[in-house]
Amino acid sequence: MKISSLNKRSLVAGCRKLSSDPHLRVVYETFGVPPLWDREPGFATLLQIILEQQVSLASAKACFDKLAAYLGDITPESLLSLGDAELRSVGFSRQKTAYARHLSEAILEERLRLDRLHLLPDAEVKAELVKLKGVGEWTSDIYLLMALLRPDVMPKGDIALHSAWHRLSGEPKPSSDEFLKIAERWFPYRSVAARLLWHFYLSERAGKAASKFKQK
């Protein structure tokens with residue numbers, strides 16, 4: 001079975017299809033096509049997504065960049081060469097240190113074959129990833145959406161998406177399960193809908209920041 005993946009061309013086509021939704025049409029017409037936000041599949045990307053759990057993207061990136069500066073190539077072998085104190089020095093919490101070590105060991109012991117996930121359908125990819133300590137639905141969804149570029153994934157529990165939908169629709173901010181139910185209307189382009197909502201969320205925040213700067 002051929003597994004489809006999103007690219008810049010299909011992202012544009014998906015945006016046009018989703019313009020039948022009045023809220024997403026506003027985003028598309030106001031801000032244009034969102035970035036593809038693609039990431040290189042593999043260990044470093046999955047590690048970075050783990051670092052992004054429950055913290056700001058800026059703080060996770062700062063931690064990841066410090067690790068990259070410290071190690072050069074971020075591999076399971078190079079990460080395991082560091083002691084806990086060294087990982088803490090670049091910003092790893094005790095919990096995320098444990099998750100990073102577990103991920104590294106799983107790959108080296110071939111309990112997880114990241115290089116074969118692109119061959120699997122979405123549900124099987126998630127089933128493999130959530131076996132890992134510290135990898136839940138949000139982390140596996142983001143890996144599917146950004147690293148494997150699957151076209152129909154809505155990340156569960158993404159607060160930015162919930163907030164964007166609340167702002168756009170005027171509806172009460174949904175719970176994780178409620179939002180997944182809402183997102184069913186965007187099948188089979190839920191990954192495109194997620195990108196449009198992130199695009200709205202980030203563009204609106206940037207606009208507010210620029211407005212505050214002008215007022216000073």
# chains A, B, ... in the order shown; residues from 1 in each chain; ligands from 1

$ select_by_dssp --residues "segment 2-214 of chain A" --states "helix (DSSP H, G or I)" --output "PyMOL selection string"
chain A and resi 8-18+22-31+43-51+57-71+76-80+84-89+94-108+114-119+122-129+137-147+159-169+176-186+190-214

$ residues_around --residues "Ala164 of chain A" --least-positions-apart "2" --cutoff "9 Å" --atoms "only C-alpha atoms" --output "PyMOL selection string"
chain A and resi 159-162+166-169+173+197-198+200-201

$ closest_residue --among "A:Asp84, A:Glu29, A:Glu204, A:Asp38" --to "Lys8 of chain A" --atoms "only C-alpha atoms"
A:Asp38

$ closest_residue --among "A:Ala69, A:Leu47, A:Val90, A:Val33" --to "Leu114 of chain A" --atoms "only C-alpha atoms"
A:Leu47

$ atom_distance --atom1 "atom CA of Pro151 of chain A" --atom2 "atom CA of Gln53 of chain A"
22.1 Å

$ atom_distance --atom1 "atom CA of Arg190 of chain A" --atom2 "atom CA of Leu120 of chain A"
18.6 Å

$ atom_distance --atom1 "atom CA of Ala44 of chain A" --atom2 "atom CA of Ser140 of chain A"
14.1 Å

$ residues_around --residues "Leu148 of chain A" --least-positions-apart "5" --cutoff "12 Å" --atoms "only C-alpha atoms" --output "PDB file with C-alpha atoms, in the first residue's frame"
ATOM      1  CA  ILE A   3       1.393   5.861   1.952  1.00  0.00           C
ATOM      2  CA  SER A   4       0.612   9.411   0.849  1.00  0.00           C
ATOM      3  CA  SER A   5       2.479  12.422   2.219  1.00  0.00           C
ATOM      4  CA  LEU A   6       1.886  16.140   2.179  1.00  0.00           C
ATOM      5  CA  ASN A   7       3.997  18.503   0.063  1.00  0.00           C
ATOM      6  CA  LEU A  36       4.685  23.195   5.478  1.00  0.00           C
ATOM      7  CA  TRP A  37       6.574  23.020   8.790  1.00  0.00           C
ATOM      8  CA  ASP A  38       8.354  19.856   7.706  1.00  0.00           C
ATOM      9  CA  ARG A  39      11.109  18.254   9.776  1.00  0.00           C
ATOM     10  CA  GLU A  40      13.697  15.635   8.918  1.00  0.00           C
ATOM     11  CA  PRO A  41      12.477  12.190  10.048  1.00  0.00           C
ATOM     12  CA  GLY A  42      14.673  10.494  12.615  1.00  0.00           C
ATOM     13  CA  THR A  45      13.431  15.317  15.384  1.00  0.00           C
ATOM     14  CA  LEU A  46      11.625  12.915  17.701  1.00  0.00           C
ATOM     15  CA  LEU A 114      12.426   4.945  12.962  1.00  0.00           C
ATOM     16  CA  ASP A 115      13.778   4.265   9.481  1.00  0.00           C
ATOM     17  CA  ARG A 116      10.805   1.972   8.755  1.00  0.00           C
ATOM     18  CA  LEU A 117       7.953   4.079  10.101  1.00  0.00           C
ATOM     19  CA  HIS A 118       7.353   5.724   6.724  1.00  0.00           C
ATOM     20  CA  LEU A 119       6.208   2.318   5.446  1.00  0.00           C
ATOM     21  CA  LEU A 120       3.444   2.003   8.040  1.00  0.00           C
ATOM     22  CA  PRO A 121      -0.066   3.481   8.117  1.00  0.00           C
ATOM     23  CA  ASP A 122      -0.770   6.199  10.680  1.00  0.00           C
ATOM     24  CA  VAL A 125       3.146   4.395  13.488  1.00  0.00           C
ATOM     25  CA  LYS A 126       1.363   5.688  16.578  1.00  0.00           C
ATOM     26  CA  SER A 140       3.297  10.719  18.006  1.00  0.00           C
ATOM     27  CA  ASP A 141       0.778  12.913  16.172  1.00  0.00           C
ATOM     28  CA  ILE A 142       3.318  15.720  15.703  1.00  0.00           C
ATOM     29  CA  TYR A 143       5.885  13.241  14.377  1.00  0.00           C
ATOM     30  CA  VAL A 153      -3.578  14.016  11.350  1.00  0.00           C
ATOM     31  CA  SER A 191      -3.078  18.026   8.769  1.00  0.00           C
TER      32      SER A 191
END
